[in-house]
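Each remark here refers to the structure printed beneath this line.
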Amino acid sequence: MASSESIVKFCGVSKRYGEGPIVLEAIDLEMARGDFVSLIGPSGCGKSTVLKLVAGLNPWTSGEISVAGTTPRRARDRQAFIFQDATLLPWLTTQQNVELPLKLRRDPLPERIAKAREMLALVALDQVGGYYPRQLSGGMKMRASLARALTLSPQLLLLDEPFGALDEMTRFRLNEELLALRTTAPFSAIFVTHSVAEAVFLSNRIVIMSANPGRFHAEISVDFAYPRRAELRERSEFQAKVVEVTRLLHEVEEPIRA
Amino acid sequence: MKKVPAVWLWILPVLSGLVFVALWYGVRAASGLQSWILPTPVEILEAAWRERTRLLAAAGNTAGGALGGFLLAAAMGFVTSLLLGVSRSLRASLYPWLLMLQMTPVIVLTPIIVLWAGPGLPGIITVTWLISYFPIVVNMTQGVLSTDINHVGLFRMCNASRWQEMLYLRVPSAMPYFLAGLRIAATLAPIGAIFGEYMVGNSAGGSGGLGFLVYVYNTRIQIPALFATALTSCLLGFIFVAAVSLLNWVVLHQWHDSYERDDH
């Protein structure tokens with residue numbers, strides 16, 4: 001992660017859906033390899049849209065985007081998307097779900113199986129590979145989803161509020177696991193969240209966005225050294241960072257109308 | 001709500017059946033109707049036993065026509081739905097005409113079908129197909145369209161081809177809908193075949209199906225045998241529905257929410 005080459009670059013990017021209102025306006029972002037960037041802001045500020053533009057799932061209206069030195073679509077094989085719910089295919093076993101990206105790439109079956117086993121072990125799901133998704137808890141599903149995303153060793157992970165539906169203890173544990181995974185599978189990440197504590201714990205950069213239209217309001221760097229452990233949350237510097245980000249969030253809050 | 005003990009779920013339908021039979025005898029006794037207008041259940045069973053060879057042979061012929069039309073409808077419905085599901089313009093061009101085909105009463109179309117396909121099995125299969133096809137297409141097309149948008153995003157991120165998206169995503173996610181369509185079609189297929197036979201007269205080389213027996217018994221005023229034919233048709237329908245239910249279980253019980261699992 002020493003390289004300073006940028007993995008994602010936005011230059012004055014704007015986006016509107018059809019003739020609708022502008023959802024993103026003049027976004028500039030340069031992400032170095034190894035960066036873990038969290039996007040935080042009020043609902044409807046276009047956080048998820050940023051992810052979809054990087055993924056090449058939606059076209060943008062103006063400006064320039066490059067991912068890993070090429071266009072978002074061409075860089076797809078170097079990125080993986082993690083959705084708000086685990087999006088496992090319910091008719092496949094956990095093992096088969098993790099194999100899916102390899103299957104779609106037409107890798108031979110024995111390699112697929114071996115790789116999926118390895119990924120499942122990485123997220124401590126090796127005992128439940130034969131289970132169907134509905135037999136897994138919410139946290140296990142999300143871990144399976146992580147394992148699936150990491151099978152192709154992506155350089156960039158795009159996470160759209162992946163832990164939003166989980167209880168706080170599970171969320172904390174998965175935050176720790178996500179960071180731990182970076183030691184075996186180094187990846188850069190863009191992480192969309194509503195949780196300030198989660199953003200501070202995970203990222204080295206936090207971007208606070210404002211809505212109508214979506215803009216980058218402020219950016220904060222978080223300099224705690226990786227690897228970070230659960231104890232970090234109890235330190236006063238951590239709490240101070242949470243307060244700092246929360247204050248910035250209050251600035252972009254929509255005024256409450258009576 | 002209090003939970004009904006499992007054994008009652010078996011006893012209750014038997015009890016309600018007995019009440020129904022008792023009412024039947026009551027009506028017969030009170031009205032003084034004769035056997036050839038309202039036969040008793042025992043008279044119907046007697047007629048069924050007497051006519052068992054003809055009924056079974058006829059049921060076999062009907063099952064053949066019904067199965068042929070059903071399978072044709074299932075195969076064509078499956079393919080049509082995939083096409084309709086992926087192409088908006090195809091949907092716009094074909095849906096109104098499919099609807100029109102369904103709105104046209106089968107009784108109007110049957111003589112035309114007989115004229116074109118000829119009497120016998122081909123005509124009967126066509127009538128059965130006509131009545132079973134629409135519910136399969138409507139359900140499965142809905143299924144193909146209901147594919148989870150995030151799953152589609154996942155496949156796009158993996159650079160999946162359209163074929164892979166169809167084969168590994170849209171088809172499996174539409175399976176519950178397809179099977180729901182099959183289930184409706186399974187109740188309709190024997191009815192379609194019997195109706196076809198009634199209109200066509202015979203099937204499978206002149207030996208005749210249940211629909212033909214309806215015609216025969218009716219003209220001979222063998223009313224208990226007519227009731228027995230109804231009973232046989234009903235049993236045939238049950239076999240069709242049971243087969244689809246079995247298929248439904250085989251395909252879905254592992255993963256679909258309609259089958260609850262308590263063991264995990």
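Note on naming: chains are A, B, ... as they come in the structure tokens, residues start from 1 per chain, ligands start from 1 in the order shown.
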
(request) Please provide the set of residues having any atom within 7 Å of range 150-161 of chain B, restricted to only C-alpha atoms, with same-chain residues fewer than 2 positions apart removed, written as a list in words. (result) Arg76, Asp77, Ala80, Thr87, Pro101 and Leu104 of chain A; Asp148, Trp163, Gln164 and Glu165 of chain B

Could the residues in this selection be saved with C-alpha atoms as a compact mmCIF listing (two decimals), in the first residue's frame?
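Output file again.txt follows:
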```txt
# COMPACT_ATOMS: atom_id res chain seq x y z
CA ARG A 76 -14.83 -3.59 -13.10
CA ASP A 77 -12.72 -6.71 -12.77
CA ALA A 80 -16.19 -5.45 -6.03
CA THR A 87 -27.52 -10.03 -1.95
CA PRO A 101 -17.79 -14.52 -9.43
CA LEU A 104 -19.12 -16.15 -14.15
CA ASP B 148 -33.72 -8.26 -7.53
CA TRP B 163 -26.76 -15.47 -21.19
CA GLN B 164 -25.19 -15.95 -17.79
CA GLU B 165 -27.54 -13.38 -16.31
```

If the cut-off is 9 Å, can you tell me the residues of chain A near chain B, counting only C-alpha atoms? I'd like them as a compact mmCIF listing (two decimals) with C-alpha atoms, in the first residue's frame.
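File written: selection.txt
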```txt
# COMPACT_ATOMS: atom_id res chain seq x y z
CA ALA A 55 -18.59 0.86 -10.35
CA GLY A 56 -19.71 1.88 -13.81
CA LEU A 57 -23.27 0.82 -12.98
CA ARG A 73 -16.49 -0.09 -16.70
CA ARG A 76 -14.83 -3.59 -13.10
CA ASP A 77 -12.72 -6.71 -12.77
CA GLN A 79 -13.46 -3.78 -8.03
CA ALA A 80 -16.19 -5.45 -6.03
CA PHE A 81 -19.47 -4.01 -4.81
CA ILE A 82 -21.01 -4.86 -1.46
CA PHE A 83 -24.67 -3.95 -1.22
CA ASP A 85 -28.23 -6.33 2.09
CA THR A 87 -27.52 -10.03 -1.95
CA LEU A 88 -26.68 -13.71 -1.72
CA LEU A 89 -28.60 -15.79 -4.25
CA PRO A 90 -31.08 -17.71 -2.09
CA TRP A 91 -31.09 -20.81 -4.31
CA LEU A 92 -27.33 -21.35 -3.96
CA THR A 93 -25.50 -22.63 -0.90
CA LEU A 100 -20.25 -17.20 -8.22
CA PRO A 101 -17.79 -14.52 -9.43
CA LEU A 102 -15.35 -17.29 -10.42
CA LEU A 104 -19.12 -16.15 -14.15
CA ARG A 105 -15.45 -15.78 -15.14
CA TYR A 132 -28.45 -21.95 2.27
CA PRO A 133 -28.50 -18.19 2.95
CA ARG A 134 -31.78 -18.29 4.83
CA GLN A 135 -30.17 -20.57 7.39
CA LEU A 136 -27.55 -17.92 8.18
```

(message) For range 24-29 of chain B, find every residue with an atom within 12 Å (counting only C-alpha atoms), except residues of its own chain fewer than 4 positions away, and show them as an NGL selection string.
(response) :B and (17-20 or 33-43)

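Taking only C-alpha atoms into account, Phe187 in chain A lies nearest to A:Leu156 out of the set A:Ile113, A:Ala149, A:Leu156, A:Val54.
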
Tell me, as a short mmCIF file (atom, residue, chain, number, x, y, z; two decimals) with C-alpha atoms, in the first residue's frame, which residues lie within 8 Å of Ile206 in chain A, counting only C-alpha atoms; anything in the same chain fewer than 3 positions away does not count.
```cif
data_model
loop_
_atom_site.label_atom_id
_atom_site.label_comp_id
_atom_site.auth_asym_id
_atom_site.auth_seq_id
_atom_site.Cartn_x
_atom_site.Cartn_y
_atom_site.Cartn_z
CA VAL A 37 -12.58 6.66 2.37
CA SER A 38 -15.94 6.91 4.14
CA LEU A 39 -18.77 8.98 2.69
CA ILE A 40 -21.22 10.30 5.24
CA ALA A 199 -16.57 5.87 9.68
CA VAL A 200 -13.98 7.02 12.23
CA SER A 203 -11.26 5.09 7.48
CA GLU A 219 -13.02 16.25 4.49
CA ILE A 220 -11.36 15.01 7.66
CA SER A 221 -8.35 12.77 7.90
CA VAL A 222 -8.20 10.13 10.60
#
```

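The interatomic distance for the pair CA of Pro213 in chain A and CA of Tyr17 in chain A works out to 12.3 Å.
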
(request) Find the residues around range 61-77 of chain B up to 9 Å (only C-alpha atoms counted), leave out those fewer than 5 positions away in its own chain, and share them as a PyMOL selection string. (result) chain B and resi 56+82+121-122+124-138+140-141+178+181-182+185-186+188-194+197+203-204+207-211+233+236+240

(request) Quick one: everything within 9 Å of Leu120 in chain A, counting only C-alpha atoms, minus sequence neighbours fewer than 4 positions away in the same chain. Send it as an NGL selection string. (result) :A and (94-95 or 98 or 115-116 or 124-129 or 143-144 or 147-148)

(request) Fewer than 3 positions away in the same chain doesn't count, so skip those; otherwise give me all residues within 12 Å of Asn204 in chain A, counting only C-alpha atoms, as JSON, numbers by chain. (result) {"A": [31, 32, 33, 34, 35, 36, 37, 38, 39, 179, 188, 189, 190, 191, 198, 199, 200, 201, 207, 219, 220, 221, 222, 223, 224, 225, 226, 227, 228, 241]}

Grab the residues selected above and save them as a PDB file, in the first residue's frame with N, CA and C atoms.
```
ATOM      1  N   MET A  31      -8.165   9.447  -4.763  1.00  0.00           N
ATOM      2  CA  MET A  31      -7.924   8.413  -3.759  1.00  0.00           C
ATOM      3  C   MET A  31      -6.643   7.683  -4.085  1.00  0.00           C
ATOM      4  N   ALA A  32      -5.734   7.642  -3.128  1.00  0.00           N
ATOM      5  CA  ALA A  32      -4.503   6.876  -3.336  1.00  0.00           C
ATOM      6  C   ALA A  32      -4.773   5.408  -3.046  1.00  0.00           C
ATOM      7  N   ARG A  33      -3.954   4.540  -3.601  1.00  0.00           N
ATOM      8  CA  ARG A  33      -4.056   3.118  -3.274  1.00  0.00           C
ATOM      9  C   ARG A  33      -3.856   2.932  -1.780  1.00  0.00           C
ATOM     10  N   GLY A  34      -4.707   2.144  -1.180  1.00  0.00           N
ATOM     11  CA  GLY A  34      -4.614   1.923   0.252  1.00  0.00           C
ATOM     12  C   GLY A  34      -5.529   2.837   1.052  1.00  0.00           C
ATOM     13  N   ASP A  35      -6.071   3.865   0.403  1.00  0.00           N
ATOM     14  CA  ASP A  35      -6.999   4.745   1.116  1.00  0.00           C
ATOM     15  C   ASP A  35      -8.284   4.004   1.494  1.00  0.00           C
ATOM     16  N   PHE A  36      -8.797   4.336   2.660  1.00  0.00           N
ATOM     17  CA  PHE A  36     -10.118   3.859   3.080  1.00  0.00           C
ATOM     18  C   PHE A  36     -10.953   5.113   3.308  1.00  0.00           C
ATOM     19  N   VAL A  37     -11.820   5.420   2.331  1.00  0.00           N
ATOM     20  CA  VAL A  37     -12.583   6.664   2.372  1.00  0.00           C
ATOM     21  C   VAL A  37     -14.022   6.371   2.767  1.00  0.00           C
ATOM     22  N   SER A  38     -14.522   7.042   3.804  1.00  0.00           N
ATOM     23  CA  SER A  38     -15.936   6.915   4.140  1.00  0.00           C
ATOM     24  C   SER A  38     -16.694   8.129   3.631  1.00  0.00           C
ATOM     25  N   LEU A  39     -17.877   7.891   3.103  1.00  0.00           N
ATOM     26  CA  LEU A  39     -18.771   8.975   2.695  1.00  0.00           C
ATOM     27  C   LEU A  39     -19.917   9.008   3.688  1.00  0.00           C
ATOM     28  N   LEU A 179     -11.327  -4.698   8.688  1.00  0.00           N
ATOM     29  CA  LEU A 179      -9.963  -4.158   8.710  1.00  0.00           C
ATOM     30  C   LEU A 179      -8.940  -5.276   8.751  1.00  0.00           C
ATOM     31  N   SER A 188      -8.234  -1.020  -1.364  1.00  0.00           N
ATOM     32  CA  SER A 188      -8.712   0.315  -1.036  1.00  0.00           C
ATOM     33  C   SER A 188     -10.223   0.221  -0.912  1.00  0.00           C
ATOM     34  N   ALA A 189     -10.845   1.187  -0.254  1.00  0.00           N
ATOM     35  CA  ALA A 189     -12.288   1.065  -0.070  1.00  0.00           C
ATOM     36  C   ALA A 189     -12.966   2.418  -0.077  1.00  0.00           C
ATOM     37  N   ILE A 190     -14.166   2.439  -0.652  1.00  0.00           N
ATOM     38  CA  ILE A 190     -15.078   3.562  -0.448  1.00  0.00           C
ATOM     39  C   ILE A 190     -16.264   3.000   0.312  1.00  0.00           C
ATOM     40  N   PHE A 191     -16.558   3.608   1.439  1.00  0.00           N
ATOM     41  CA  PHE A 191     -17.505   3.037   2.380  1.00  0.00           C
ATOM     42  C   PHE A 191     -18.594   4.066   2.663  1.00  0.00           C
ATOM     43  N   GLU A 198     -18.537   4.307  13.058  1.00  0.00           N
ATOM     44  CA  GLU A 198     -18.076   3.328  12.083  1.00  0.00           C
ATOM     45  C   GLU A 198     -17.080   3.965  11.109  1.00  0.00           C
ATOM     46  N   ALA A 199     -17.432   5.166  10.632  1.00  0.00           N
ATOM     47  CA  ALA A 199     -16.570   5.871   9.683  1.00  0.00           C
ATOM     48  C   ALA A 199     -15.217   6.187  10.309  1.00  0.00           C
ATOM     49  N   VAL A 200     -15.231   6.660  11.563  1.00  0.00           N
ATOM     50  CA  VAL A 200     -13.978   7.019  12.227  1.00  0.00           C
ATOM     51  C   VAL A 200     -13.132   5.779  12.468  1.00  0.00           C
ATOM     52  N   PHE A 201     -13.789   4.699  12.856  1.00  0.00           N
ATOM     53  CA  PHE A 201     -13.044   3.476  13.165  1.00  0.00           C
ATOM     54  C   PHE A 201     -12.360   2.908  11.920  1.00  0.00           C
ATOM     55  N   VAL A 207     -15.308  11.853   4.162  1.00  0.00           N
ATOM     56  CA  VAL A 207     -15.865  12.964   3.386  1.00  0.00           C
ATOM     57  C   VAL A 207     -17.289  13.210   3.873  1.00  0.00           C
ATOM     58  N   GLU A 219     -13.718  17.519   4.378  1.00  0.00           N
ATOM     59  CA  GLU A 219     -13.020  16.246   4.495  1.00  0.00           C
ATOM     60  C   GLU A 219     -12.159  16.258   5.741  1.00  0.00           C
ATOM     61  N   ILE A 220     -12.116  15.132   6.414  1.00  0.00           N
ATOM     62  CA  ILE A 220     -11.361  15.012   7.656  1.00  0.00           C
ATOM     63  C   ILE A 220     -10.426  13.824   7.508  1.00  0.00           C
ATOM     64  N   SER A 221      -9.192  13.967   7.919  1.00  0.00           N
ATOM     65  CA  SER A 221      -8.348  12.766   7.904  1.00  0.00           C
ATOM     66  C   SER A 221      -8.294  12.170   9.304  1.00  0.00           C
ATOM     67  N   VAL A 222      -8.206  10.861   9.336  1.00  0.00           N
ATOM     68  CA  VAL A 222      -8.204  10.126  10.599  1.00  0.00           C
ATOM     69  C   VAL A 222      -6.889   9.375  10.643  1.00  0.00           C
ATOM     70  N   ASP A 223      -5.992   9.783  11.526  1.00  0.00           N
ATOM     71  CA  ASP A 223      -4.622   9.313  11.411  1.00  0.00           C
ATOM     72  C   ASP A 223      -4.235   8.164  12.337  1.00  0.00           C
ATOM     73  N   PHE A 224      -5.215   7.540  12.980  1.00  0.00           N
ATOM     74  CA  PHE A 224      -4.853   6.395  13.833  1.00  0.00           C
ATOM     75  C   PHE A 224      -4.211   5.313  12.970  1.00  0.00           C
ATOM     76  N   ALA A 225      -3.121   4.718  13.468  1.00  0.00           N
ATOM     77  CA  ALA A 225      -2.386   3.737  12.673  1.00  0.00           C
ATOM     78  C   ALA A 225      -3.191   2.451  12.512  1.00  0.00           C
ATOM     79  N   TYR A 226      -3.049   1.832  11.347  1.00  0.00           N
ATOM     80  CA  TYR A 226      -3.583   0.484  11.146  1.00  0.00           C
ATOM     81  C   TYR A 226      -2.504  -0.495  11.563  1.00  0.00           C
ATOM     82  N   PRO A 227      -2.764  -1.712  11.978  1.00  0.00           N
ATOM     83  CA  PRO A 227      -4.107  -2.236  12.222  1.00  0.00           C
ATOM     84  C   PRO A 227      -4.750  -1.610  13.455  1.00  0.00           C
ATOM     85  N   ARG A 228      -6.053  -1.366  13.334  1.00  0.00           N
ATOM     86  CA  ARG A 228      -6.794  -0.794  14.463  1.00  0.00           C
ATOM     87  C   ARG A 228      -7.549  -1.896  15.170  1.00  0.00           C
ATOM     88  N   LYS A 241     -12.588  12.658  17.672  1.00  0.00           N
ATOM     89  CA  LYS A 241     -12.795  12.600  16.232  1.00  0.00           C
ATOM     90  C   LYS A 241     -14.281  12.441  15.906  1.00  0.00           C
TER      91      LYS A 241
END
```
